[in-house]
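Structure data (PDB, C-alpha atoms and all ligand atoms) from upload.pdb:
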```
ATOM      1  CA  MET B   1      93.521  91.035 100.375  1.00  0.00           C
ATOM      2  CA  SER B   2      92.589  92.371  96.959  1.00  0.00           C
ATOM      3  CA  PHE B   3      93.531  95.827  95.682  1.00  0.00           C
ATOM      4  CA  GLN B   4      89.819  96.667  95.681  1.00  0.00           C
ATOM      5  CA  GLU B   5      89.585  96.520  99.481  1.00  0.00           C
ATOM      6  CA  PHE B   6      92.314  99.159  99.808  1.00  0.00           C
ATOM      7  CA  GLN B   7      90.956 101.799  97.425  1.00  0.00           C
ATOM      8  CA  PRO B   8      90.671 105.235  99.054  1.00  0.00           C
ATOM      9  CA  LYS B   9      88.402 107.979  97.774  1.00  0.00           C
ATOM     10  CA  LEU B  10      89.648 109.310  94.449  1.00  0.00           C
ATOM     11  CA  GLU B  11      89.509 112.921  95.659  1.00  0.00           C
ATOM     12  CA  ASP B  12      91.656 112.049  98.722  1.00  0.00           C
ATOM     13  CA  LYS B  13      94.274 110.452  96.505  1.00  0.00           C
ATOM     14  CA  GLN B  14      94.228 113.389  94.080  1.00  0.00           C
ATOM     15  CA  ARG B  15      94.569 115.852  96.968  1.00  0.00           C
ATOM     16  CA  ALA B  16      97.585 113.933  98.279  1.00  0.00           C
ATOM     17  CA  TYR B  17      99.236 113.874  94.833  1.00  0.00           C
ATOM     18  CA  ALA B  18      98.614 117.629  94.452  1.00  0.00           C
ATOM     19  CA  GLU B  19     100.171 118.322  97.869  1.00  0.00           C
ATOM     20  CA  LEU B  20     103.195 116.208  96.980  1.00  0.00           C
ATOM     21  CA  ALA B  21     103.601 117.990  93.636  1.00  0.00           C
ATOM     22  CA  GLU B  22     103.550 121.406  95.321  1.00  0.00           C
ATOM     23  CA  VAL B  23     106.131 120.489  97.966  1.00  0.00           C
ATOM     24  CA  LYS B  24     108.288 118.647  95.446  1.00  0.00           C
ATOM     25  CA  GLU B  25     108.473 121.661  93.146  1.00  0.00           C
ATOM     26  CA  LEU B  26     109.361 124.005  96.007  1.00  0.00           C
ATOM     27  CA  PHE B  27     112.043 121.723  97.488  1.00  0.00           C
ATOM     28  CA  ALA B  28     113.493 121.076  94.028  1.00  0.00           C
ATOM     29  CA  SER B  29     113.831 124.843  93.531  1.00  0.00           C
ATOM     30  CA  ARG B  30     115.970 124.897  96.683  1.00  0.00           C
ATOM     31  CA  GLY B  31     118.269 122.203  95.325  1.00  0.00           C
ATOM     32  CA  TRP B  32     117.121 119.670  97.941  1.00  0.00           C
ATOM     33  CA  PHE B  33     116.791 116.717  95.510  1.00  0.00           C
ATOM     34  CA  ALA B  34     120.299 116.442  94.061  1.00  0.00           C
ATOM     35  CA  GLY B  35     120.834 113.464  91.765  1.00  0.00           C
ATOM     36  CA  THR B  36     117.240 112.070  92.189  1.00  0.00           C
ATOM     37  CA  SER B  37     117.707 111.880  95.971  1.00  0.00           C
ATOM     38  CA  GLY B  38     114.902 112.452  98.454  1.00  0.00           C
ATOM     39  CA  ASN B  39     111.365 111.155  98.789  1.00  0.00           C
ATOM     40  CA  LEU B  40     108.027 112.519  99.978  1.00  0.00           C
ATOM     41  CA  SER B  41     104.822 110.955 101.209  1.00  0.00           C
ATOM     42  CA  VAL B  42     101.366 112.029 102.386  1.00  0.00           C
ATOM     43  CA  ARG B  43      98.956 109.714 104.183  1.00  0.00           C
ATOM     44  CA  VAL B  44      95.619 109.130 102.469  1.00  0.00           C
ATOM     45  CA  GLY B  45      92.572 108.336 104.608  1.00  0.00           C
ATOM     46  CA  ASP B  46      92.397 107.408 108.263  1.00  0.00           C
ATOM     47  CA  TYR B  47      95.247 106.157 110.418  1.00  0.00           C
ATOM     48  CA  ASN B  48      95.212 102.829 112.163  1.00  0.00           C
ATOM     49  CA  PRO B  49      98.624 101.435 113.243  1.00  0.00           C
ATOM     50  CA  GLY B  50      97.873  98.123 111.504  1.00  0.00           C
ATOM     51  CA  SER B  51      96.221  99.496 108.377  1.00  0.00           C
ATOM     52  CA  PHE B  52      96.865 102.755 106.555  1.00  0.00           C
ATOM     53  CA  GLN B  53      97.778 104.016 103.102  1.00  0.00           C
ATOM     54  CA  PHE B  54      99.972 106.750 101.804  1.00  0.00           C
ATOM     55  CA  ALA B  55     100.955 108.352  98.522  1.00  0.00           C
ATOM     56  CA  ILE B  56     104.710 108.294  97.959  1.00  0.00           C
ATOM     57  CA  THR B  57     107.167 109.381  95.293  1.00  0.00           C
ATOM     58  CA  ALA B  58     108.162 106.683  92.817  1.00  0.00           C
ATOM     59  CA  SER B  59     111.760 105.488  93.045  1.00  0.00           C
ATOM     60  CA  GLY B  60     114.607 107.006  91.065  1.00  0.00           C
ATOM     61  CA  LYS B  61     112.637 109.849  89.463  1.00  0.00           C
ATOM     62  CA  ASP B  62     114.074 113.251  88.716  1.00  0.00           C
ATOM     63  CA  LYS B  63     112.242 115.116  91.466  1.00  0.00           C
ATOM     64  CA  SER B  64     112.726 118.471  89.737  1.00  0.00           C
ATOM     65  CA  LYS B  65     110.300 117.366  86.999  1.00  0.00           C
ATOM     66  CA  HIS B  66     106.573 116.635  86.942  1.00  0.00           C
ATOM     67  CA  THR B  67     105.565 113.461  85.104  1.00  0.00           C
ATOM     68  CA  PRO B  68     102.404 111.281  85.145  1.00  0.00           C
ATOM     69  CA  GLY B  69     104.368 108.559  86.999  1.00  0.00           C
ATOM     70  CA  ASP B  70     105.629 110.567  89.957  1.00  0.00           C
ATOM     71  CA  TYR B  71     103.534 109.002  92.762  1.00  0.00           C
ATOM     72  CA  LEU B  72     101.797 105.821  93.749  1.00  0.00           C
ATOM     73  CA  LEU B  73      99.691 104.627  96.621  1.00  0.00           C
ATOM     74  CA  VAL B  74     101.066 102.021  99.051  1.00  0.00           C
ATOM     75  CA  ASP B  75      99.802 100.298 102.203  1.00  0.00           C
ATOM     76  CA  GLN B  76     101.268 100.054 105.733  1.00  0.00           C
ATOM     77  CA  ASN B  77     103.737  97.412 104.498  1.00  0.00           C
ATOM     78  CA  GLY B  78     104.896  99.548 101.585  1.00  0.00           C
ATOM     79  CA  LYS B  79     103.104  97.409  98.989  1.00  0.00           C
ATOM     80  CA  PRO B  80     101.319  99.144  96.071  1.00  0.00           C
ATOM     81  CA  CYS B  81      97.556  99.418  96.607  1.00  0.00           C
ATOM     82  CA  GLU B  82      96.831  99.351  92.901  1.00  0.00           C
ATOM     83  CA  SER B  83      98.175  97.655  89.837  1.00  0.00           C
ATOM     84  CA  THR B  84     101.121  99.772  88.614  1.00  0.00           C
ATOM     85  CA  ALA B  85     104.469  99.475  86.885  1.00  0.00           C
ATOM     86  CA  LEU B  86     105.853 102.148  89.224  1.00  0.00           C
ATOM     87  CA  LYS B  87     108.209 101.213  92.035  1.00  0.00           C
ATOM     88  CA  PRO B  88     107.716 102.990  95.358  1.00  0.00           C
ATOM     89  CA  SER B  89     110.696 104.829  96.838  1.00  0.00           C
ATOM     90  CA  ALA B  90     113.549 102.545  97.859  1.00  0.00           C
ATOM     91  CA  GLU B  91     113.093 104.031 101.358  1.00  0.00           C
ATOM     92  CA  THR B  92     109.362 103.285 101.635  1.00  0.00           C
ATOM     93  CA  LEU B  93     109.896 101.021 104.669  1.00  0.00           C
ATOM     94  CA  ILE B  94     111.286 103.997 106.592  1.00  0.00           C
ATOM     95  CA  HIS B  95     108.071 105.915 105.843  1.00  0.00           C
ATOM     96  CA  CYS B  96     105.996 102.874 106.927  1.00  0.00           C
ATOM     97  CA  GLU B  97     107.775 102.757 110.276  1.00  0.00           C
ATOM     98  CA  ILE B  98     107.506 106.496 110.955  1.00  0.00           C
ATOM     99  CA  TYR B  99     103.754 106.414 110.167  1.00  0.00           C
ATOM    100  CA  ARG B 100     103.334 103.342 112.372  1.00  0.00           C
ATOM    101  CA  LEU B 101     105.150 104.961 115.316  1.00  0.00           C
ATOM    102  CA  THR B 102     103.756 108.485 115.052  1.00  0.00           C
ATOM    103  CA  GLY B 103     100.443 108.410 113.155  1.00  0.00           C
ATOM    104  CA  ALA B 104     101.839 111.336 111.118  1.00  0.00           C
ATOM    105  CA  GLY B 105     100.017 112.733 108.084  1.00  0.00           C
ATOM    106  CA  ALA B 106     103.071 113.468 105.936  1.00  0.00           C
ATOM    107  CA  ILE B 107     106.788 112.594 105.822  1.00  0.00           C
ATOM    108  CA  PHE B 108     109.437 114.467 103.851  1.00  0.00           C
ATOM    109  CA  HIS B 109     113.026 113.352 103.250  1.00  0.00           C
ATOM    110  CA  ILE B 110     115.803 115.355 101.600  1.00  0.00           C
ATOM    111  CA  HIS B 111     119.559 115.132 101.216  1.00  0.00           C
ATOM    112  CA  SER B 112     121.115 118.511 101.990  1.00  0.00           C
ATOM    113  CA  ILE B 113     124.768 119.381 102.511  1.00  0.00           C
ATOM    114  CA  PHE B 114     124.148 120.770 105.995  1.00  0.00           C
ATOM    115  CA  SER B 115     122.259 117.676 107.191  1.00  0.00           C
ATOM    116  CA  ASN B 116     125.018 115.442 105.808  1.00  0.00           C
ATOM    117  CA  VAL B 117     127.937 117.380 107.285  1.00  0.00           C
ATOM    118  CA  ILE B 118     126.352 117.918 110.676  1.00  0.00           C
ATOM    119  CA  SER B 119     125.314 114.247 110.987  1.00  0.00           C
ATOM    120  CA  GLU B 120     128.951 113.243 110.576  1.00  0.00           C
ATOM    121  CA  TRP B 121     130.291 115.989 112.838  1.00  0.00           C
ATOM    122  CA  PHE B 122     128.108 114.794 115.739  1.00  0.00           C
ATOM    123  CA  TRP B 123     128.124 111.092 114.850  1.00  0.00           C
ATOM    124  CA  GLU B 124     129.979 109.934 117.989  1.00  0.00           C
ATOM    125  CA  ARG B 125     127.396 111.698 120.131  1.00  0.00           C
ATOM    126  CA  ARG B 126     124.559 110.108 118.063  1.00  0.00           C
ATOM    127  CA  SER B 127     122.618 113.397 118.185  1.00  0.00           C
ATOM    128  CA  VAL B 128     122.880 117.058 117.249  1.00  0.00           C
ATOM    129  CA  PRO B 129     122.445 119.334 120.278  1.00  0.00           C
ATOM    130  CA  VAL B 130     120.698 122.690 119.868  1.00  0.00           C
ATOM    131  CA  THR B 131     119.745 125.097 122.662  1.00  0.00           C
ATOM    132  CA  GLY B 132     117.681 128.257 122.734  1.00  0.00           C
ATOM    133  CA  VAL B 133     117.495 128.935 118.983  1.00  0.00           C
ATOM    134  CA  GLU B 134     114.166 130.564 118.152  1.00  0.00           C
ATOM    135  CA  LEU B 135     113.397 128.216 115.275  1.00  0.00           C
ATOM    136  CA  ILE B 136     113.144 125.282 117.695  1.00  0.00           C
ATOM    137  CA  LYS B 137     109.607 126.667 117.998  1.00  0.00           C
ATOM    138  CA  GLY B 138     109.116 125.723 114.343  1.00  0.00           C
ATOM    139  CA  LEU B 139     109.318 122.128 115.569  1.00  0.00           C
ATOM    140  CA  GLY B 140     106.404 122.750 117.945  1.00  0.00           C
ATOM    141  CA  ILE B 141     108.635 123.077 121.053  1.00  0.00           C
ATOM    142  CA  TRP B 142     107.843 126.346 122.791  1.00  0.00           C
ATOM    143  CA  GLU B 143     109.600 126.226 126.145  1.00  0.00           C
ATOM    144  CA  GLU B 144     112.095 128.911 127.190  1.00  0.00           C
ATOM    145  CA  GLU B 145     115.704 128.118 126.188  1.00  0.00           C
ATOM    146  CA  ALA B 146     114.557 124.732 124.879  1.00  0.00           C
ATOM    147  CA  HIS B 147     117.249 122.103 124.448  1.00  0.00           C
ATOM    148  CA  ILE B 148     116.836 119.431 121.786  1.00  0.00           C
ATOM    149  CA  GLU B 149     118.963 116.502 120.675  1.00  0.00           C
ATOM    150  CA  ILE B 150     118.222 115.579 117.056  1.00  0.00           C
ATOM    151  CA  PRO B 151     118.904 111.815 116.813  1.00  0.00           C
ATOM    152  CA  ILE B 152     121.339 110.388 114.245  1.00  0.00           C
ATOM    153  CA  VAL B 153     121.037 106.783 113.076  1.00  0.00           C
ATOM    154  CA  PRO B 154     123.526 104.796 110.994  1.00  0.00           C
ATOM    155  CA  ASN B 155     122.998 104.639 107.261  1.00  0.00           C
ATOM    156  CA  PHE B 156     122.962 101.214 105.595  1.00  0.00           C
ATOM    157  CA  ALA B 157     122.558 100.343 101.920  1.00  0.00           C
ATOM    158  CA  ASP B 158     120.109  97.673 103.084  1.00  0.00           C
ATOM    159  CA  ILE B 159     117.120  99.846 104.041  1.00  0.00           C
ATOM    160  CA  PRO B 160     115.382  97.262 106.297  1.00  0.00           C
ATOM    161  CA  ARG B 161     118.452  97.500 108.571  1.00  0.00           C
ATOM    162  CA  ILE B 162     117.784 101.216 109.097  1.00  0.00           C
ATOM    163  CA  VAL B 163     114.195 100.663 110.252  1.00  0.00           C
ATOM    164  CA  PRO B 164     114.905  99.291 113.777  1.00  0.00           C
ATOM    165  CA  GLU B 165     117.513 102.016 114.303  1.00  0.00           C
ATOM    166  CA  ILE B 166     114.732 104.569 113.808  1.00  0.00           C
ATOM    167  CA  THR B 167     112.358 102.595 116.059  1.00  0.00           C
ATOM    168  CA  ASP B 168     114.998 102.785 118.815  1.00  0.00           C
ATOM    169  CA  VAL B 169     115.613 106.537 118.751  1.00  0.00           C
ATOM    170  CA  LEU B 170     112.374 108.116 117.562  1.00  0.00           C
ATOM    171  CA  ASN B 171     111.349 110.771 120.074  1.00  0.00           C
ATOM    172  CA  PRO B 172     107.612 111.567 119.881  1.00  0.00           C
ATOM    173  CA  ARG B 173     108.398 115.125 120.988  1.00  0.00           C
ATOM    174  CA  LEU B 174     110.802 115.742 118.097  1.00  0.00           C
ATOM    175  CA  PRO B 175     109.483 115.319 114.521  1.00  0.00           C
ATOM    176  CA  GLY B 176     112.695 114.314 112.785  1.00  0.00           C
ATOM    177  CA  VAL B 177     115.663 111.985 112.547  1.00  0.00           C
ATOM    178  CA  LEU B 178     118.998 112.277 110.767  1.00  0.00           C
ATOM    179  CA  LEU B 179     120.546 109.438 108.778  1.00  0.00           C
ATOM    180  CA  ARG B 180     124.323 109.567 108.995  1.00  0.00           C
ATOM    181  CA  LYS B 181     125.862 111.216 105.886  1.00  0.00           C
ATOM    182  CA  HIS B 182     122.525 110.710 104.125  1.00  0.00           C
ATOM    183  CA  GLY B 183     119.873 113.285 105.029  1.00  0.00           C
ATOM    184  CA  ILE B 184     116.933 114.258 107.200  1.00  0.00           C
ATOM    185  CA  TYR B 185     113.489 112.709 107.648  1.00  0.00           C
ATOM    186  CA  ALA B 186     110.867 115.089 109.057  1.00  0.00           C
ATOM    187  CA  TRP B 187     107.168 114.514 109.579  1.00  0.00           C
ATOM    188  CA  GLY B 188     104.028 116.254 110.771  1.00  0.00           C
ATOM    189  CA  ALA B 189     100.275 115.966 111.167  1.00  0.00           C
ATOM    190  CA  ASP B 190      99.855 117.117 107.563  1.00  0.00           C
ATOM    191  CA  ALA B 191     101.942 118.409 104.638  1.00  0.00           C
ATOM    192  CA  PHE B 192     101.939 121.979 105.997  1.00  0.00           C
ATOM    193  CA  GLU B 193     103.369 120.866 109.341  1.00  0.00           C
ATOM    194  CA  ALA B 194     105.872 118.398 107.856  1.00  0.00           C
ATOM    195  CA  LYS B 195     107.184 121.202 105.600  1.00  0.00           C
ATOM    196  CA  ARG B 196     107.497 123.590 108.542  1.00  0.00           C
ATOM    197  CA  HIS B 197     109.394 120.942 110.504  1.00  0.00           C
ATOM    198  CA  LEU B 198     111.733 120.122 107.629  1.00  0.00           C
ATOM    199  CA  GLU B 199     112.522 123.785 107.013  1.00  0.00           C
ATOM    200  CA  SER B 200     113.114 124.358 110.724  1.00  0.00           C
ATOM    201  CA  PHE B 201     115.534 121.411 110.899  1.00  0.00           C
ATOM    202  CA  GLU B 202     117.399 122.688 107.869  1.00  0.00           C
ATOM    203  CA  PHE B 203     117.706 126.136 109.447  1.00  0.00           C
ATOM    204  CA  LEU B 204     119.022 124.588 112.685  1.00  0.00           C
ATOM    205  CA  PHE B 205     121.565 122.414 110.841  1.00  0.00           C
ATOM    206  CA  GLU B 206     122.945 125.437 109.033  1.00  0.00           C
ATOM    207  CA  TYR B 207     122.968 127.434 112.263  1.00  0.00           C
ATOM    208  CA  VAL B 208     124.876 124.702 114.134  1.00  0.00           C
ATOM    209  CA  TYR B 209     127.291 124.229 111.234  1.00  0.00           C
ATOM    210  CA  ARG B 210     128.121 127.950 111.068  1.00  0.00           C
ATOM    211  CA  TRP B 211     128.282 128.312 114.836  1.00  0.00           C
ATOM    212  CA  GLU B 212     130.733 125.394 115.172  1.00  0.00           C
ATOM    213  CA  LEU B 213     132.892 126.911 112.436  1.00  0.00           C
ATOM    214  CA  LEU B 214     132.811 130.407 113.903  1.00  0.00           C
ATOM    215  CA  ASN B 215     133.650 129.102 117.347  1.00  0.00           C
ATOM    216  CA  LYS B 216     136.889 127.649 115.991  1.00  0.00           C
ATOM    217  CA  THR B 217     138.073 131.169 115.106  1.00  0.00           C
ATOM    218  CA  ARG B 218     137.983 132.269 118.756  1.00  0.00           C
ATOM    219  CA  SER B 219     141.409 132.549 120.297  1.00  0.00           C
TER
HETATM  220  C1  LIG G 301     120.273 108.522  94.212  1.00  0.00           C
HETATM  221  S1  LIG G 301     120.842 108.763  95.842  1.00  0.00           S
HETATM  222  C2  LIG G 301     119.443 108.652  96.858  1.00  0.00           C
HETATM  223  C3  LIG G 301     118.823 107.314  97.159  1.00  0.00           C
HETATM  224  O1  LIG G 301     119.765 106.352  97.424  1.00  0.00           O
HETATM  225  C4  LIG G 301     117.889 107.481  98.348  1.00  0.00           C
HETATM  226  O2  LIG G 301     118.616 107.782  99.509  1.00  0.00           O
HETATM  227  C5  LIG G 301     116.846 108.523  98.132  1.00  0.00           C
HETATM  228  O3  LIG G 301     116.654 109.427  98.941  1.00  0.00           O
HETATM  229  C6  LIG G 301     115.982 108.465  96.921  1.00  0.00           C
HETATM  230  O4  LIG G 301     115.588 107.170  96.608  1.00  0.00           O
HETATM  231  P1  LIG G 301     114.201 106.921  95.897  1.00  0.00           P
HETATM  232  O5  LIG G 301     114.136 105.440  95.668  1.00  0.00           O
HETATM  233  O6  LIG G 301     114.178 107.719  94.623  1.00  0.00           O
HETATM  234  O7  LIG G 301     113.145 107.427  96.864  1.00  0.00           O
HETATM  235 ZN    ZN G 302     117.592 109.209 100.874  1.00  0.00          ZN
END
```

Is it possible to give me this structure as structure tokens?
Amino acid sequence: MSFQEFQPKLEDKQRAYAELAEVKELFASRGWFAGTSGNLSVRVGDYNPGSFQFAITASGKDKSKHTPGDYLLVDQNGKPCESTALKPSAETLIHCEIYRLTGAGAIFHIHSIFSNVISEWFWERRSVPVTGVELIKGLGIWEEEAHIEIPIVPNFADIPRIVPEITDVLNPRLPGVLLRKHGIYAWGADAFEAKRHLESFEFLFEYVYRWELLNKTRS
């Protein structure tokens, strides 16, 4: 199919780029994009499991800076929808799979210390357990004393190998997955919700980290 058949409305693309720029600047100010790590995407236009498009950060950019080449539009297979010299994020296939499985509107990925440490601490369990912490509600789970298990998948240098690991563990009730000693992927119906989910996960990782540490001081 030609690029022409994939073109979304210009205003939809511009809105997506503006949303990405806003989130990118905020997350960068929190130190969540160390060493060019992390990637962000926002879906553009309607969702159909076999055909959708999203705006995603270009690979290897300094995400604390704004440049004219920060984003590009790709299709459901991660291929650019327009002629460009930009390369989509190296982890674009992970975004493709999460969109395909969830129909999400936005996906945010960061590398934080807490997500890295906690993913290794609970690696043998393959999930991070959290019970009754108020900010579980930030993930859209409102039951009393809710218990969640945040899945952890192995990290491989070969990104296509990570994709089926995510397919296997993705829980439609829980909008996130940890990559072992790598970082967190969180998603939502739109950029607002994906940001709320990512921030809630980060809070929970820090909570669990500190709680585990504090517990060790009990005699
Ligand atoms: C430079 S370390 C981070 C990368 O290996 C990767 O994990 C990452 O999150 C960013 O890759 P990118 O291709 O810029 O989207
Ligand atoms: Zn990454």

Name the residues that the PyMOL selection byres (((chain B and resi 163) around 12) and not hetatm) picks from the file above, as a VMD selection string, using the file's chain letters and numbers.
chain B and resid 91 to 101 153 to 162 164 to 170 177 179

Output the neighbourhood of ligand ZN 302 (chain G) as a list in words, that is, all protein and nucleic acid residues with some atom at most 8 Å from the ligand, counting all atoms listed in the file.
Ser37, Gly38, Asn39, Glu91, His109, Ile110, His111, His182 and Gly183 of chain B

Skipping near chain neighbours, those fewer than 5 positions away, what residues fall within 8 Å of B:Pro175 using all atoms listed in the file, listed as a ChimeraX atom specification?
/B:139,186-188,197

Keeping only C-alpha atoms, write the selected residues as a CSV table (one decimal), in the frame of the given file.
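The file below, part.csv, is the result:
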```
chain,number,residue,atom,x,y,z
B,139,LEU,CA,109.3,122.1,115.6
B,186,ALA,CA,110.9,115.1,109.1
B,187,TRP,CA,107.2,114.5,109.6
B,188,GLY,CA,104.0,116.3,110.8
B,197,HIS,CA,109.4,120.9,110.5
```

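Among the candidates B:Glu143, B:Glu193, B:Asp46, B:Asp62, the residue lying nearest to ligand LIG 301 (chain G) is B:Asp62 (atoms considered: all atoms listed in the file).
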
Using the chain letters and numbers from the file, which residues does the PyMOL selection byres (((chain B and resi 80) around 12) and not hetatm) grab, as a PyMOL selection string?
chain B and resi 2-4+6-7+52-58+71-79+81-89+92

Please produce an output containing C-alpha atoms for each residue in the selection, written as a CSV table (one decimal), in the frame of the given file.
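result.csv written:
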```csv
chain,number,residue,atom,x,y,z
B,2,SER,CA,92.6,92.4,97.0
B,3,PHE,CA,93.5,95.8,95.7
B,4,GLN,CA,89.8,96.7,95.7
B,6,PHE,CA,92.3,99.2,99.8
B,7,GLN,CA,91.0,101.8,97.4
B,52,PHE,CA,96.9,102.8,106.6
B,53,GLN,CA,97.8,104.0,103.1
B,54,PHE,CA,100.0,106.8,101.8
B,55,ALA,CA,101.0,108.4,98.5
B,56,ILE,CA,104.7,108.3,98.0
B,57,THR,CA,107.2,109.4,95.3
B,58,ALA,CA,108.2,106.7,92.8
B,71,TYR,CA,103.5,109.0,92.8
B,72,LEU,CA,101.8,105.8,93.7
B,73,LEU,CA,99.7,104.6,96.6
B,74,VAL,CA,101.1,102.0,99.1
B,75,ASP,CA,99.8,100.3,102.2
B,76,GLN,CA,101.3,100.1,105.7
B,77,ASN,CA,103.7,97.4,104.5
B,78,GLY,CA,104.9,99.5,101.6
B,79,LYS,CA,103.1,97.4,99.0
B,81,CYS,CA,97.6,99.4,96.6
B,82,GLU,CA,96.8,99.4,92.9
B,83,SER,CA,98.2,97.7,89.8
B,84,THR,CA,101.1,99.8,88.6
B,85,ALA,CA,104.5,99.5,86.9
B,86,LEU,CA,105.9,102.1,89.2
B,87,LYS,CA,108.2,101.2,92.0
B,88,PRO,CA,107.7,103.0,95.4
B,89,SER,CA,110.7,104.8,96.8
B,92,THR,CA,109.4,103.3,101.6
```

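Counting from atom CA of B:Glu11, the distance to atom CA of B:Phe33 is 27.5 Å.
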
Step by step, gather every atom of stretch 60-76 of chain B that the file lists, find the box along x, y and z that holds them, add 6 Å on each side, and finally give centre and edge lengths in Å to one decimal, as AutoDock Vina command-line options.
```
--center_x 107.1 --center_y 109.3 --center_z 95.4 --size_x 26.9 --size_y 30.4 --size_z 32.6
```
